[in-house]
Structure formats: structure tokens, C-alpha cells
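One file, upload.tsv, carrying TSV, C-alpha atoms and all ligand atoms:
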chain	number	residue	atom	x	y	z
G	1134	MET	CA	10.74	14.44	-15.33
G	1135	SER	CA	7.69	15.49	-13.33
G	1136	ASP	CA	5.21	14.79	-16.11
G	1137	GLN	CA	6.47	11.23	-16.33
G	1138	ASN	CA	4.42	8.53	-14.59
G	1139	LEU	CA	5.78	7.56	-11.18
G	1140	VAL	CA	5.33	3.81	-11.77
G	1141	GLU	CA	5.11	1.78	-14.95
G	1142	LEU	CA	4.44	-1.95	-15.13
G	1143	GLN	CA	4.79	-3.48	-18.56
G	1144	GLY	CA	3.89	-7.07	-19.36
G	1145	ILE	CA	4.53	-8.41	-15.88
G	1146	HIS	CA	4.52	-12.19	-15.63
G	1147	LYS	CA	5.15	-14.10	-12.43
G	1148	ALA	CA	4.69	-17.79	-11.69
G	1149	PHE	CA	5.45	-19.84	-8.61
G	1150	GLY	CA	6.18	-23.27	-10.07
G	1151	ASP	CA	3.15	-24.18	-12.19
G	1152	ASN	CA	1.03	-21.50	-10.57
G	1153	VAL	CA	0.85	-18.55	-12.95
G	1154	VAL	CA	0.05	-15.62	-10.67
G	1155	LEU	CA	0.57	-12.62	-12.94
G	1156	ALA	CA	-0.07	-13.25	-16.62
G	1157	GLY	CA	0.84	-9.96	-18.27
G	1158	VAL	CA	0.00	-6.95	-16.14
G	1159	ASP	CA	0.32	-3.45	-17.57
G	1160	LEU	CA	-0.28	-0.48	-15.31
G	1161	SER	CA	0.79	3.16	-15.32
G	1162	VAL	CA	0.54	5.17	-12.12
G	1163	ALA	CA	0.59	8.94	-12.41
G	1164	ARG	CA	2.15	11.11	-9.72
G	1165	GLY	CA	-0.43	11.83	-7.04
G	1166	GLU	CA	-2.75	9.13	-8.27
G	1167	VAL	CA	-4.56	6.86	-5.81
G	1168	ILE	CA	-5.38	3.43	-7.17
G	1169	VAL	CA	-7.37	0.76	-5.38
G	1170	ILE	CA	-6.58	-2.78	-6.47
G	1171	ALA	CA	-9.45	-5.17	-5.90
G	1172	GLY	CA	-9.99	-8.78	-6.81
G	1173	PRO	CA	-10.67	-12.22	-5.40
G	1174	SER	CA	-8.31	-13.88	-2.94
G	1175	GLY	CA	-5.35	-15.44	-4.73
G	1176	SER	CA	-5.69	-13.25	-7.81
G	1177	GLY	CA	-2.15	-11.86	-7.48
G	1178	LYS	CA	-2.76	-8.52	-5.76
G	1179	SER	CA	-0.05	-8.93	-3.13
G	1180	THR	CA	2.38	-10.36	-5.66
G	1181	MET	CA	1.83	-7.32	-7.86
G	1182	LEU	CA	2.55	-4.90	-5.00
G	1183	ARG	CA	5.61	-6.90	-4.01
G	1184	CYS	CA	6.94	-6.69	-7.57
G	1185	VAL	CA	6.58	-2.91	-7.52
G	1186	ASN	CA	9.12	-2.50	-4.74
G	1187	GLY	CA	11.31	-5.40	-5.75
G	1188	LEU	CA	10.34	-7.86	-3.01
G	1189	GLU	CA	9.44	-10.23	-5.86
G	1190	THR	CA	11.14	-10.33	-9.25
G	1191	PRO	CA	8.91	-10.80	-12.30
G	1192	ASP	CA	9.76	-13.65	-14.66
G	1193	ARG	CA	9.10	-11.35	-17.58
G	1194	GLY	CA	8.23	-7.71	-18.10
G	1195	GLU	CA	9.59	-4.46	-16.79
G	1196	ILE	CA	8.83	-2.13	-13.93
G	1197	THR	CA	10.10	1.39	-13.61
G	1198	PHE	CA	9.81	3.62	-10.56
G	1199	ASP	CA	10.49	7.32	-10.95
G	1200	GLY	CA	12.28	6.62	-14.22
G	1201	ARG	CA	14.52	3.87	-12.85
G	1202	PRO	CA	14.21	0.11	-13.43
G	1203	VAL	CA	13.07	-1.98	-10.46
G	1204	LYS	CA	15.37	-4.98	-10.63
G	1205	PRO	CA	17.70	-6.94	-8.38
G	1206	GLY	CA	21.13	-5.53	-7.79
G	1207	LYS	CA	22.79	-2.24	-7.08
G	1208	GLY	CA	20.28	0.52	-6.60
G	1209	LEU	CA	17.38	-1.62	-5.43
G	1210	SER	CA	17.74	-0.80	-1.74
G	1211	ALA	CA	17.99	2.94	-2.49
G	1212	LEU	CA	14.90	2.69	-4.61
G	1213	ARG	CA	13.05	0.67	-1.99
G	1214	ALA	CA	13.81	3.37	0.58
G	1215	GLU	CA	11.59	5.69	-1.47
G	1216	ILE	CA	8.60	3.35	-1.29
G	1217	GLY	CA	6.58	2.90	1.89
G	1218	PHE	CA	4.87	-0.44	2.43
G	1219	VAL	CA	2.09	-1.03	4.94
G	1220	PHE	CA	1.02	-4.63	5.49
G	1221	GLN	CA	-2.00	-6.34	6.96
G	1222	GLN	CA	0.09	-7.33	9.98
G	1223	PHE	CA	1.78	-4.21	11.27
G	1224	HIS	CA	5.30	-5.66	11.57
G	1225	LEU	CA	6.37	-3.24	14.30
G	1226	PHE	CA	9.42	-4.16	16.39
G	1227	PRO	CA	7.88	-5.33	19.68
G	1228	HIS	CA	10.91	-4.52	21.85
G	1229	MET	CA	11.11	-0.88	20.71
G	1230	SER	CA	8.96	2.07	21.70
G	1231	VAL	CA	6.58	3.52	19.14
G	1232	LEU	CA	8.90	6.48	18.53
G	1233	ASP	CA	11.99	4.26	18.25
G	1234	ASN	CA	10.17	2.17	15.63
G	1235	ILE	CA	9.67	5.33	13.60
G	1236	VAL	CA	13.17	6.74	14.07
G	1237	LEU	CA	14.98	3.52	13.15
G	1238	ALA	CA	14.94	3.62	9.34
G	1239	PRO	CA	15.59	7.35	8.85
G	1240	THR	CA	18.63	7.20	11.15
G	1241	LYS	CA	20.02	3.83	9.95
G	1242	VAL	CA	19.17	3.97	6.25
G	1243	LYS	CA	19.22	7.69	5.47
G	1244	GLY	CA	21.66	8.89	8.11
G	1245	VAL	CA	19.24	11.45	9.54
G	1246	ALA	CA	20.46	12.84	12.88
G	1247	ARG	CA	18.73	11.20	15.82
G	1248	ASP	CA	17.28	14.43	17.26
G	1249	ALA	CA	15.87	15.52	13.92
G	1250	ALA	CA	14.41	12.05	13.33
G	1251	ARG	CA	12.74	12.10	16.76
G	1252	THR	CA	11.25	15.54	16.17
G	1253	ARG	CA	9.91	14.44	12.80
G	1254	GLY	CA	8.67	11.15	14.30
G	1255	GLN	CA	6.73	13.02	16.94
G	1256	GLU	CA	5.16	15.23	14.25
G	1257	LEU	CA	4.14	12.18	12.27
G	1258	LEU	CA	2.56	10.59	15.35
G	1259	GLU	CA	0.58	13.76	15.79
G	1260	ARG	CA	-0.50	13.60	12.17
G	1261	VAL	CA	-1.84	10.06	12.59
G	1262	GLY	CA	-3.54	11.08	15.83
G	1263	ILE	CA	-1.50	9.23	18.47
G	1264	ALA	CA	1.13	11.71	19.67
G	1265	GLU	CA	0.59	10.56	23.25
G	1266	LYS	CA	1.68	6.98	22.45
G	1267	ALA	CA	5.28	7.83	21.50
G	1268	HIS	CA	6.89	6.16	24.50
G	1269	GLN	CA	4.69	3.11	24.75
G	1270	PHE	CA	5.41	-0.30	23.26
G	1271	PRO	CA	3.43	-1.67	20.32
G	1272	ALA	CA	1.73	-4.35	22.45
G	1273	GLU	CA	0.21	-1.60	24.61
G	1274	LEU	CA	-1.63	-0.16	21.61
G	1275	SER	CA	-4.81	-1.29	19.87
G	1276	GLY	CA	-4.58	-2.75	16.38
G	1277	GLY	CA	-5.80	0.46	14.82
G	1278	GLN	CA	-3.21	2.47	16.72
G	1279	GLN	CA	-0.45	0.02	15.74
G	1280	GLN	CA	-1.40	0.31	12.10
G	1281	ARG	CA	-1.27	4.10	12.36
G	1282	VAL	CA	2.25	3.75	13.81
G	1283	ALA	CA	3.15	1.57	10.83
G	1284	ILE	CA	1.91	4.29	8.48
G	1285	ALA	CA	3.86	6.97	10.38
G	1286	ARG	CA	6.95	4.76	10.22
G	1287	ALA	CA	6.63	4.46	6.46
G	1288	LEU	CA	6.10	8.22	6.09
G	1289	ALA	CA	9.23	8.92	8.13
G	1290	MET	CA	11.28	7.93	5.08
G	1291	ASP	CA	9.58	10.60	2.94
G	1292	PRO	CA	8.41	8.06	0.40
G	1293	LYS	CA	7.34	9.02	-3.11
G	1294	LEU	CA	4.93	6.09	-3.20
G	1295	MET	CA	2.92	4.28	-0.55
G	1296	LEU	CA	1.84	0.66	-1.00
G	1297	PHE	CA	-0.92	-0.69	1.24
G	1298	ASP	CA	-1.70	-4.41	1.28
G	1299	GLU	CA	-5.06	-4.95	3.02
G	1300	PRO	CA	-4.14	-2.50	5.80
G	1301	THR	CA	-7.44	-2.91	7.65
G	1302	SER	CA	-8.08	-6.63	7.15
G	1303	ALA	CA	-6.63	-7.64	10.52
G	1304	LEU	CA	-8.50	-4.94	12.46
G	1305	ASP	CA	-11.65	-5.08	14.52
G	1306	PRO	CA	-14.46	-3.23	12.75
G	1307	GLU	CA	-14.43	-0.24	15.11
G	1308	MET	CA	-10.78	0.45	14.27
G	1309	ILE	CA	-11.03	0.34	10.51
G	1310	ARG	CA	-12.33	3.89	10.20
G	1311	GLU	CA	-9.43	5.54	12.04
G	1312	VAL	CA	-6.91	3.90	9.71
G	1313	LEU	CA	-8.90	4.69	6.55
G	1314	ASP	CA	-9.17	8.32	7.71
G	1315	VAL	CA	-5.38	8.60	7.90
G	1316	MET	CA	-5.10	7.09	4.42
G	1317	ARG	CA	-7.73	9.44	3.05
G	1318	ASP	CA	-5.85	12.48	4.45
G	1319	LEU	CA	-2.66	11.18	2.88
G	1320	ALA	CA	-4.42	10.86	-0.47
G	1321	ARG	CA	-5.75	14.40	-0.20
G	1322	GLU	CA	-2.27	15.72	0.51
G	1323	GLY	CA	-1.19	14.31	-2.85
G	1324	MET	CA	0.59	11.07	-1.96
G	1325	THR	CA	0.75	8.50	-4.76
G	1326	MET	CA	-0.85	5.33	-3.41
G	1327	LEU	CA	-1.51	1.77	-4.49
G	1328	VAL	CA	-4.02	0.25	-2.10
G	1329	VAL	CA	-5.16	-3.36	-2.01
G	1330	THR	CA	-8.35	-3.35	0.00
G	1331	HIS	CA	-11.84	-4.79	0.25
G	1332	GLU	CA	-13.10	-1.50	1.70
G	1333	MET	CA	-15.22	-0.42	-1.24
G	1334	GLY	CA	-16.55	2.64	0.61
G	1335	PHE	CA	-12.97	3.89	0.75
G	1336	ALA	CA	-12.49	3.04	-2.92
G	1337	ARG	CA	-15.60	4.90	-3.92
G	1338	GLU	CA	-14.77	7.95	-1.85
G	1339	VAL	CA	-11.01	8.26	-2.20
G	1340	CYS	CA	-9.46	6.56	-5.20
G	1341	ASP	CA	-9.00	8.01	-8.67
G	1342	ARG	CA	-9.05	4.64	-10.34
G	1343	LEU	CA	-10.14	1.16	-9.39
G	1344	VAL	CA	-8.22	-1.73	-10.89
G	1345	PHE	CA	-9.91	-5.11	-10.81
G	1346	ILE	CA	-7.55	-8.05	-11.09
G	1347	ASP	CA	-8.57	-11.65	-11.62
G	1348	GLY	CA	-6.64	-14.65	-12.85
G	1349	GLY	CA	-3.43	-12.63	-12.94
G	1350	LEU	CA	-4.77	-10.01	-15.33
G	1351	ILE	CA	-6.27	-6.57	-15.02
G	1352	VAL	CA	-9.80	-7.35	-16.12
G	1353	GLU	CA	-11.18	-3.86	-15.67
G	1354	GLU	CA	-10.10	-0.41	-14.61
G	1355	GLY	CA	-11.73	2.96	-14.34
G	1356	PRO	CA	-13.30	5.48	-12.00
G	1357	PRO	CA	-14.76	3.67	-8.98
G	1358	ALA	CA	-18.30	4.96	-9.50
G	1359	GLU	CA	-18.30	3.51	-13.00
G	1360	PHE	CA	-16.98	0.19	-11.76
G	1361	PHE	CA	-19.73	-0.18	-9.17
G	1362	ALA	CA	-22.55	1.02	-11.38
G	1363	ASN	CA	-21.52	-0.51	-14.61
G	1364	ALA	CA	-18.86	-3.25	-14.42
G	1365	GLN	CA	-18.33	-4.61	-17.90
G	1366	SER	CA	-17.07	-8.12	-17.29
G	1367	GLU	CA	-19.01	-11.00	-15.77
G	1368	ARG	CA	-16.29	-11.59	-13.19
G	1369	ALA	CA	-16.25	-7.98	-12.04
G	1370	ARG	CA	-20.05	-7.92	-11.78
G	1371	GLU	CA	-19.99	-11.06	-9.63
G	1372	PHE	CA	-17.36	-9.45	-7.43
G	1373	VAL	CA	-19.39	-6.25	-7.02
G	1374	ASP	CA	-22.54	-8.27	-6.26
G	1375	LYS	CA	-20.76	-10.27	-3.58
G	1376	ILE	CA	-19.41	-7.16	-1.92
G	1377	ILE	CA	-22.64	-5.21	-2.04
G	1378	HIS	CA	-24.81	-8.08	-0.83
G	1379	HIS	CA	-22.22	-9.25	1.69
Q	1	LIG	N1	6.22	-16.81	-2.33
Q	1	LIG	C1	5.28	-17.58	-2.87
Q	1	LIG	N2	5.55	-18.87	-3.17
Q	1	LIG	C2	4.63	-19.67	-3.74
Q	1	LIG	N3	3.38	-19.27	-4.04
Q	1	LIG	C3	3.05	-17.99	-3.78
Q	1	LIG	C4	3.97	-17.09	-3.17
Q	1	LIG	N4	3.36	-15.90	-3.03
Q	1	LIG	C5	2.12	-16.04	-3.51
Q	1	LIG	N5	1.93	-17.30	-3.97
Q	1	LIG	C6	0.71	-17.80	-4.60
Q	1	LIG	O1	0.34	-16.89	-5.62
Q	1	LIG	C7	-1.06	-16.77	-5.71
Q	1	LIG	C8	-1.44	-15.30	-5.58
Q	1	LIG	O2	-1.10	-14.87	-4.29
Q	1	LIG	P1	-1.28	-13.36	-3.83
Q	1	LIG	O3	-0.50	-12.47	-4.72
Q	1	LIG	O4	-0.94	-13.37	-2.39
Q	1	LIG	O5	-2.84	-13.13	-4.08
Q	1	LIG	P2	-3.84	-12.07	-3.41
Q	1	LIG	O6	-3.01	-11.07	-2.70
Q	1	LIG	O7	-4.62	-11.51	-4.55
Q	1	LIG	O8	-4.72	-12.86	-2.49
Q	1	LIG	C9	-1.65	-17.64	-4.63
Q	1	LIG	O9	-2.01	-18.87	-5.22
Q	1	LIG	C10	-0.49	-17.84	-3.68
Q	1	LIG	O10	-0.59	-19.05	-3.01
Q	2	MG	MG	-2.93	-10.52	-0.71

Please render this file's structure as C-alpha cells.
Ligand SMILES: Nc1ncnc2c1ncn2[C@@H]1O[C@H](COP(=O)(O)OP(=O)(O)O)[C@@H](O)[C@H]1O
Ligand SMILES: [Mg+2]
Amino acid sequence: MSDQNLVELQGIHKAFGDNVVLAGVDLSVARGEVIVIAGPSGSGKSTMLRCVNGLETPDRGEITFDGRPVKPGKGLSALRAEIGFVFQQFHLFPHMSVLDNIVLAPTKVKGVARDAARTRGQELLERVGIAEKAHQFPAELSGGQQQRVAIARALAMDPKLMLFDEPTSALDPEMIREVLDVMRDLAREGMTMLVVTHEMGFAREVCDRLVFIDGGLIVEEGPPAEFFANAQSERAREFVDKIIHH
């Protein structure tokens, strides 16, 4: 069981009307692996992440998570509870305190006792560096702090996999670092992560493998250093050039 890949995507196709977004994606994600997914806007990165936790259903192909098929029906919500998802917009509940945001899913979905969930929530806030914000409301926090709450909230479910979809794209530059630092610590602690990001410094420093997607296909994948120094395809080289000379 434990030597099996945590996630497998096989021949994933997804179209919205005439718009073919994923045109046959294959990807295996080992336990503990950190993968950065890069590619131009509209290349299907978000759609791919959304397929992994069943928010979108592929037209063709198969996805397994921890040995179980990701598909609509019985079992999907249990499976989704094991996958944390952090979005560009933080999606915190504005009328709830920071700590209540974190406690909600463990108590409602997993039946964790409220006291235990609050203790754990407070620990997680400490881990993401904002223990003192527990009783404030999201609107009282900076964007970087709100995103760290969103990460703590996802971790409160003890996920086996964390998905990040451009987690720093909505942040002011001075707040990007504090969020990337939390993600880097998480990676070092062994979390399996799929990260869509344009932060190529993070990719270079943290990820095991960089996957470059364009036109709905994985055009290139490999160690990040290799990708930056020696991209094989024209499209990947253009992408690297744009980012480096940005
Ligand atoms: N729910 C949807 N309905 C219709 N079109 C969609 C939907 N989601 C994404 N798309 C389209 O799919 C394409 C890829 O989108 P997306 O996966 O968000 O790309 P990326 O995250 O790489 O920018 C885009 O053309 C987008 O407009
Ligand atoms: Mg996207």
C-alpha cells in the first residue's frame, strides 16, 4: 500500500463545449512528492487540480487517489475530505473568527470533539505563525495572514494531499514570502503537494519535479533545475524566457 503512488492520472481528457482543456494528461504523484505545475494562463492547470479532487469530472481517463477511484458518487466526499485545497482567493467565512473557520470542517465533517478541534486549531495557527489572530475575523487580517489561515484550515483535516492553485497570486509582493515559507515547511515535513504557481524561485528551491503544461498536455517534466537550464521544447523555453526576463 505505502509504496503505491498517492495519485495517478491516466489519459485525462476534459472539454468545456468545443474548448478542449485537457487532452490526455498522465501524471503519477509519489507519496511525499512536491510537484509544481507551471504553464501559460488557460492551459488547464486549475482544471487539472479540480479533477484530482473531483470538483470536475474528466470526460475520459481515470484518476485514483490512495488506491481509490476519484469519480462522482458514494465515496467522493470522504475522499475529498482527505485532500486539502488552497485557492488564490482565500474563501474564508467572513462572519466566523479565524479559529472557528479552522474548527468547522473537523467538527462537522469528521465529528472531532469541539475542544480537541480548537486545541488542534490553535496549534496549527501557531505553526503558520499567527497564533495571536485566533479570535479575530478574516477581514481584520492581511491577505498573507488570511492565506495562512486557509492553509491551517486545510491542514486541520489531516489531509494526505495538499492542492494549491496560485496561492500567492492575489497577494501584495511583501506578503508572498510568508505564505511560501509555510508551504516550504510543509514540503519539508513530507506533505504530498501539487502546486500551481508562477513563483519559480519556490519551484527551484522546493519542488521535486516541475510539470509544464501547455495546450492541455504535459509538454515537459523533470527536476526544476533542469527545466530552467535546459528546457527541451520551444514552448517551455519561451515560458522560461518570459519568466526570467519579466
Ligand atoms: N467551468 C468551466 N466552464 C467553461 N470553461 C471553463 C471552465 N473552467 C475552465 N474553463 C476554461 O478552460 C480553459 C482552462 O482553464 P483553467 O484550467 O482555469 O486554466 P489555467 O488554470 O491554466 O489558467 C480556459 O479556456 C477556461 O476558460
Ligand atoms: Mg488557473

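Checking G:Ile1284, G:Val1328, G:Ala1250, G:Met1316 one by one against ligand LIG 1 (chain Q), counting only C-alpha atoms and all ligand atoms, you find the shortest gap at G:Val1328.
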
Non-local contacts of region 1202-1206 of chain G (9 Å; only C-alpha atoms; under 3 positions in same chain excluded) as a list in words
Cys1184, Val1185, Asn1186, Gly1187, Thr1190, Pro1191, Glu1195, Ile1196, Thr1197, Phe1198, Asp1199, Leu1209, Ser1210, Leu1212 and Arg1213 of chain G

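The smallest atom-to-atom distance between ligand MG 2 (chain Q) and any of G:Glu1307, G:Glu1332, G:Asp1347, G:Asp1298, using all atoms listed in the file, is found for G:Asp1298.
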
Write as an MDAnalysis selection string the residues around ligand MG 2 (chain Q), taking 7 Å as the cut-off and counting only C-alpha atoms and all ligand atoms.
chainID G and resid 1174:1175 1177:1179 1298

Out of G:Lys1375, G:Lys1243, G:Lys1207, G:Arg1286, which residue has the shortest atom-to-atom distance to Leu1225 (chain G) when counting only C-alpha atoms?
G:Arg1286

Set the cut-off to 12 Å, count only C-alpha atoms and all ligand atoms, and list whatever residues fall near ligand LIG 1 (chain Q) as a compact mmCIF listing (two decimals) with C-alpha atoms, keeping the file's coordinate frame.
# COMPACT_ATOMS: atom_id res chain seq x y z
CA HIS G 1146 4.52 -12.19 -15.63
CA LYS G 1147 5.15 -14.10 -12.43
CA ALA G 1148 4.69 -17.79 -11.69
CA PHE G 1149 5.45 -19.84 -8.61
CA GLY G 1150 6.18 -23.27 -10.07
CA ASP G 1151 3.15 -24.18 -12.19
CA ASN G 1152 1.03 -21.50 -10.57
CA VAL G 1153 0.85 -18.55 -12.95
CA VAL G 1154 0.05 -15.62 -10.67
CA LEU G 1155 0.57 -12.62 -12.94
CA ALA G 1156 -0.07 -13.25 -16.62
CA ILE G 1170 -6.58 -2.78 -6.47
CA ALA G 1171 -9.45 -5.17 -5.90
CA GLY G 1172 -9.99 -8.78 -6.81
CA PRO G 1173 -10.67 -12.22 -5.40
CA SER G 1174 -8.31 -13.88 -2.94
CA GLY G 1175 -5.35 -15.44 -4.73
CA SER G 1176 -5.69 -13.25 -7.81
CA GLY G 1177 -2.15 -11.86 -7.48
CA LYS G 1178 -2.76 -8.52 -5.76
CA SER G 1179 -0.05 -8.93 -3.13
CA THR G 1180 2.38 -10.36 -5.66
CA MET G 1181 1.83 -7.32 -7.86
CA LEU G 1182 2.55 -4.90 -5.00
CA ARG G 1183 5.61 -6.90 -4.01
CA CYS G 1184 6.94 -6.69 -7.57
CA LEU G 1188 10.34 -7.86 -3.01
CA GLU G 1189 9.44 -10.23 -5.86
CA THR G 1190 11.14 -10.33 -9.25
CA PRO G 1191 8.91 -10.80 -12.30
CA PHE G 1220 1.02 -4.63 5.49
CA GLN G 1221 -2.00 -6.34 6.96
CA PHE G 1297 -0.92 -0.69 1.24
CA ASP G 1298 -1.70 -4.41 1.28
CA GLU G 1299 -5.06 -4.95 3.02
CA SER G 1302 -8.08 -6.63 7.15
CA VAL G 1328 -4.02 0.25 -2.10
CA VAL G 1329 -5.16 -3.36 -2.01
CA THR G 1330 -8.35 -3.35 0.00
CA HIS G 1331 -11.84 -4.79 0.25
CA PHE G 1345 -9.91 -5.11 -10.81
CA ILE G 1346 -7.55 -8.05 -11.09
CA ASP G 1347 -8.57 -11.65 -11.62
CA GLY G 1348 -6.64 -14.65 -12.85
CA GLY G 1349 -3.43 -12.63 -12.94
CA LEU G 1350 -4.77 -10.01 -15.33
CA ILE G 1351 -6.27 -6.57 -15.02

When you draw a straight line from CA of Cys1340 (chain G) to CA of Thr1301 (chain G), how long is it in Å?
16.1 Å

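The smallest atom-to-atom distance between Met1229 (chain G) and any of G:Glu1215, G:Asp1159, G:Glu1367, G:Glu1273, using only C-alpha atoms, is found for G:Glu1273.
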
Would you compute the distance between CA of Met1326 (chain G) and CA of Gln1269 (chain G)? Give it in Å to one decimal.
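According to the coordinates, CA of Met1326 (chain G) and CA of Gln1269 (chain G) are separated by 28.8 Å.
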
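Going from CA of Leu1327 (chain G) over to CA of Gly1144 (chain G), you cover 18.1 Å.
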
Would you compute, for all listed atoms of region 1221-1225 of chain G, the axis-aligned bounding box grown by 5 Å on each side, and then report its centre and edge lengths in Å rounded to one decimal, as AutoDock Vina command-line options?
--center_x 2.2 --center_y -5.3 --center_z 10.6 --size_x 18.4 --size_y 14.1 --size_z 17.3

Taking all atoms listed in the file into account, name the residue in G:Pro1292, G:Gly1254, G:Gly1244, G:Gly1157 that is nearest to Lys1266 (chain G).
G:Gly1254

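Across G:Asp1374, G:Glu1311, G:Glu1322, G:Asp1291, the tightest approach to Ser1275 (chain G) is made by G:Glu1311 when counting all atoms listed in the file.
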
Tell me which protein, DNA and RNA residues are within 12 Å of Glu1166 (chain G), counting all atoms listed in the file, leaving out same-chain ones fewer than 6 positions away, and put them as a PyMOL selection string.
chain G and resi 1138-1140+1293-1295+1319-1328+1339-1343+1356
